[in-house]
Amino acid sequence: MIKLWRWYQKCLEIHPVKTQVISSAVIWGFGDIAAQTITHHSTIRKQRSQQQNFDENKEFKINWRRVATTSLFGFGFVGPVGHFWYEGLDRFMRLRLQYQPKSLRFVATKVAVDGLLFGPLDLLVFFTYMGFSTGKSVDQVKEDVKRDFLPALILEGGIWPIVQVVNFRYVPVRYQLLYVNFFCLLDSSFLSWLEQQQDAPWKQFFKSIPEVKEIKGQGE
């Protein structure tokens, strides 16, 4: 394990962007495999509880095309964009705003900017990309984004700020994307699972929030 870590450090030093891109692709691919596994077993439990007819001995087969698609998202977006995002955000805070590194103001501002800019962008690109990659039309992708974006943003909004406080306070900049990618193993599982849930009943609550605001606005 120590040798593997040293090898990674050496690769990161010589080829920082390439190393981040490849590691992101691998992690997001594993995340989708986990998501497919979770979805498969949760479907079986749901069918069993509802006493529906199903083949319990049916072999679980991984959708490798979906794994490759998700892995490409890590390769083409998370890796390169994440690398320059964390490097650029750190330089902006230190050199332009001249905040003291590791200070409360430094960490809090980073967490806020990351949550308000990169987080929503990441979700928007993910759901848009996954929609087009499956051959959906522009209108279908728009509906998918409307269905999945807000639930993901709200649910992840309670977790990622905590993750990023630790990241920006204790992790060196060059390892921040790697740190985030370990959590992305869970996050990619969650996003893939969320996307596979399609029009699940629990999502209707989140879809109703904009409608309620619109009704209130018309009433005023």
# chains A, B, ... in the order shown; residues from 1 in each chain; ligands from 1
>>> residues_around(residues="stretch 114-118 of chain A", least_positions_apart="5", cutoff="8 Å", atoms="only C-alpha atoms", output="count of residues only")
3
>>> closest_residue(among="A:Pro172, A:Gly131, A:Gly119, A:Pro80", to="A:Glu156", atoms="only C-alpha atoms")
A:Gly119
>>> residues_around(residues="A:Arg174", least_positions_apart="4", cutoff="9 Å", atoms="only C-alpha atoms", output="ChimeraX atom specification")
/A:12-13,16,83,86-87,178
>>> select_by_dssp(residues="stretch 40-171 of chain A", states="helix (DSSP H, G or I)", output="count of residues only")
104
>>> atom_distance(atom1="atom CA of A:Leu186", atom2="atom CA of A:Arg169")
21.4 Å
>>> closest_residue(among="A:Gly31, A:Val173, A:Leu153, A:Phe182", to="A:Gly88", atoms="only C-alpha atoms")
A:Val173
>>> residues_around(residues="A:Leu121", least_positions_apart="5", cutoff="12 Å", atoms="only C-alpha atoms", output="list in words")
Phe77, Val78, Val81, Gly82, Trp85, Val113, Asp114, Gly115, Leu116, Phe126, Phe127, Thr128, Tyr129, Val145, Phe149 and Leu153 of chain A
>>> write_last_selection(atoms="all heavy atoms", output="tab-separated table (two decimals), in the first residue's frame")
chain	number	residue	atom	x	y	z
A	77	PHE	N	-14.58	15.16	-17.43
A	77	PHE	CA	-15.02	16.35	-16.71
A	77	PHE	C	-14.42	16.45	-15.32
A	77	PHE	O	-13.70	17.41	-15.00
A	77	PHE	CB	-16.55	16.39	-16.61
A	77	PHE	CG	-17.06	17.58	-15.87
A	77	PHE	CD1	-17.14	18.82	-16.50
A	77	PHE	CD2	-17.46	17.49	-14.55
A	77	PHE	CE1	-17.60	19.94	-15.82
A	77	PHE	CE2	-17.92	18.60	-13.85
A	77	PHE	CZ	-17.99	19.83	-14.49
A	78	VAL	N	-14.69	15.47	-14.47
A	78	VAL	CA	-14.25	15.55	-13.07
A	78	VAL	C	-12.73	15.68	-12.96
A	78	VAL	O	-12.23	16.52	-12.20
A	78	VAL	CB	-14.73	14.32	-12.27
A	78	VAL	CG1	-14.21	14.38	-10.83
A	78	VAL	CG2	-16.25	14.26	-12.27
A	81	VAL	N	-11.35	19.18	-15.04
A	81	VAL	CA	-11.97	20.38	-14.48
A	81	VAL	C	-11.69	20.47	-12.98
A	81	VAL	O	-11.38	21.55	-12.46
A	81	VAL	CB	-13.49	20.38	-14.75
A	81	VAL	CG1	-14.16	21.57	-14.07
A	81	VAL	CG2	-13.77	20.43	-16.24
A	82	GLY	N	-11.79	19.34	-12.28
A	82	GLY	CA	-11.53	19.33	-10.85
A	82	GLY	C	-10.09	19.72	-10.53
A	82	GLY	O	-9.84	20.46	-9.57
A	85	TRP	N	-9.79	23.43	-11.09
A	85	TRP	CA	-10.67	24.14	-10.16
A	85	TRP	C	-10.00	24.30	-8.80
A	85	TRP	O	-9.94	25.41	-8.26
A	85	TRP	CB	-11.99	23.42	-10.02
A	85	TRP	CG	-12.85	23.93	-8.89
A	85	TRP	CD1	-13.07	23.33	-7.70
A	85	TRP	CD2	-13.58	25.16	-8.85
A	85	TRP	NE1	-13.89	24.09	-6.90
A	85	TRP	CE2	-14.23	25.23	-7.59
A	85	TRP	CE3	-13.76	26.21	-9.74
A	85	TRP	CZ2	-15.02	26.30	-7.21
A	85	TRP	CZ3	-14.56	27.28	-9.36
A	85	TRP	CH2	-15.18	27.32	-8.11
A	113	VAL	N	-17.84	29.01	-2.06
A	113	VAL	CA	-17.66	29.16	-3.51
A	113	VAL	C	-17.78	27.80	-4.21
A	113	VAL	O	-18.43	27.68	-5.26
A	113	VAL	CB	-16.29	29.80	-3.83
A	113	VAL	CG1	-16.03	29.80	-5.34
A	113	VAL	CG2	-16.24	31.23	-3.30
A	114	ASP	N	-17.18	26.78	-3.62
A	114	ASP	CA	-17.25	25.44	-4.19
A	114	ASP	C	-18.69	24.93	-4.23
A	114	ASP	O	-19.13	24.35	-5.22
A	114	ASP	CB	-16.38	24.48	-3.37
A	114	ASP	CG	-16.32	23.09	-3.98
A	114	ASP	OD1	-15.57	22.90	-4.96
A	114	ASP	OD2	-17.02	22.19	-3.47
A	115	GLY	N	-19.42	25.17	-3.15
A	115	GLY	CA	-20.80	24.71	-3.08
A	115	GLY	C	-21.75	25.45	-3.99
A	115	GLY	O	-22.71	24.88	-4.51
A	116	LEU	N	-21.48	26.74	-4.21
A	116	LEU	CA	-22.37	27.56	-5.02
A	116	LEU	C	-22.06	27.49	-6.52
A	116	LEU	O	-22.95	27.69	-7.35
A	116	LEU	CB	-22.30	29.02	-4.57
A	116	LEU	CG	-22.88	29.32	-3.18
A	116	LEU	CD1	-22.58	30.76	-2.79
A	116	LEU	CD2	-24.38	29.06	-3.15
A	126	PHE	N	-23.44	16.34	-15.18
A	126	PHE	CA	-23.61	14.89	-15.02
A	126	PHE	C	-24.95	14.43	-15.60
A	126	PHE	O	-25.00	13.51	-16.43
A	126	PHE	CB	-23.52	14.49	-13.56
A	126	PHE	CG	-23.80	13.03	-13.31
A	126	PHE	CD1	-22.83	12.07	-13.55
A	126	PHE	CD2	-25.05	12.62	-12.86
A	126	PHE	CE1	-23.09	10.72	-13.34
A	126	PHE	CE2	-25.32	11.28	-12.64
A	126	PHE	CZ	-24.34	10.32	-12.88
A	127	PHE	N	-26.03	15.04	-15.16
A	127	PHE	CA	-27.35	14.59	-15.62
A	127	PHE	C	-27.57	14.88	-17.10
A	127	PHE	O	-28.21	14.09	-17.80
A	127	PHE	CB	-28.45	15.26	-14.78
A	127	PHE	CG	-28.50	14.78	-13.36
A	127	PHE	CD1	-28.42	15.68	-12.30
A	127	PHE	CD2	-28.63	13.43	-13.08
A	127	PHE	CE1	-28.46	15.24	-10.99
A	127	PHE	CE2	-28.67	12.98	-11.77
A	127	PHE	CZ	-28.59	13.88	-10.72
A	128	THR	N	-27.02	15.98	-17.59
A	128	THR	CA	-27.14	16.30	-19.02
A	128	THR	C	-26.36	15.29	-19.85
A	128	THR	O	-26.86	14.75	-20.84
A	128	THR	CB	-26.62	17.72	-19.30
A	128	THR	OG1	-27.35	18.66	-18.51
A	128	THR	CG2	-26.78	18.06	-20.77
A	129	TYR	N	-25.14	15.02	-19.41
A	129	TYR	CA	-24.28	14.07	-20.13
A	129	TYR	C	-24.88	12.67	-20.13
A	129	TYR	O	-24.91	12.00	-21.17
A	129	TYR	CB	-22.89	14.06	-19.48
A	129	TYR	CG	-22.04	12.88	-19.86
A	129	TYR	CD1	-21.44	12.80	-21.12
A	129	TYR	CD2	-21.83	11.83	-18.97
A	129	TYR	CE1	-20.66	11.72	-21.48
A	129	TYR	CE2	-21.05	10.74	-19.31
A	129	TYR	CZ	-20.47	10.68	-20.56
A	129	TYR	OH	-19.71	9.60	-20.91
A	145	VAL	N	-33.28	16.45	-16.06
A	145	VAL	CA	-32.57	17.42	-15.22
A	145	VAL	C	-33.55	18.04	-14.21
A	145	VAL	O	-33.23	18.18	-13.02
A	145	VAL	CB	-31.91	18.52	-16.08
A	145	VAL	CG1	-31.36	19.64	-15.20
A	145	VAL	CG2	-30.78	17.92	-16.92
A	149	PHE	N	-32.14	17.06	-10.67
A	149	PHE	CA	-31.17	18.07	-10.22
A	149	PHE	C	-31.45	18.55	-8.79
A	149	PHE	O	-30.56	18.55	-7.94
A	149	PHE	CB	-31.16	19.26	-11.18
A	149	PHE	CG	-30.23	20.36	-10.78
A	149	PHE	CD1	-28.87	20.27	-11.02
A	149	PHE	CD2	-30.71	21.50	-10.13
A	149	PHE	CE1	-27.99	21.28	-10.64
A	149	PHE	CE2	-29.84	22.52	-9.75
A	149	PHE	CZ	-28.49	22.40	-10.01
A	153	LEU	N	-29.16	18.10	-5.47
A	153	LEU	CA	-28.56	19.30	-4.90
A	153	LEU	C	-28.89	19.43	-3.42
A	153	LEU	O	-28.02	19.76	-2.60
A	153	LEU	CB	-29.05	20.53	-5.67
A	153	LEU	CG	-28.40	21.87	-5.29
A	153	LEU	CD1	-26.91	21.86	-5.66
A	153	LEU	CD2	-29.12	23.02	-6.00
>>> atom_distance(atom1="atom CA of A:His15", atom2="atom CA of A:Gln176")
15.8 Å
>>> closest_residue(among="A:Val138, A:Ala152, A:Ala34, A:Val180", to="A:Gly79", atoms="only C-alpha atoms")
A:Val180
>>> closest_residue(among="A:Leu194, A:Leu155, A:Ala68, A:Ser49", to="A:Thr134", atoms="only C-alpha atoms")
A:Ala68
>>> closest_residue(among="A:Lys102, A:Pro120, A:Gly158, A:Ala108", to="A:Tyr170", atoms="only C-alpha atoms")
A:Lys102
>>> atom_distance(atom1="atom CA of A:Thr70", atom2="atom CA of A:Phe168")
26.5 Å
>>> closest_residue(among="A:Asp122, A:Val165, A:Ile154, A:Arg91", to="A:Ser103", atoms="only C-alpha atoms")
A:Val165
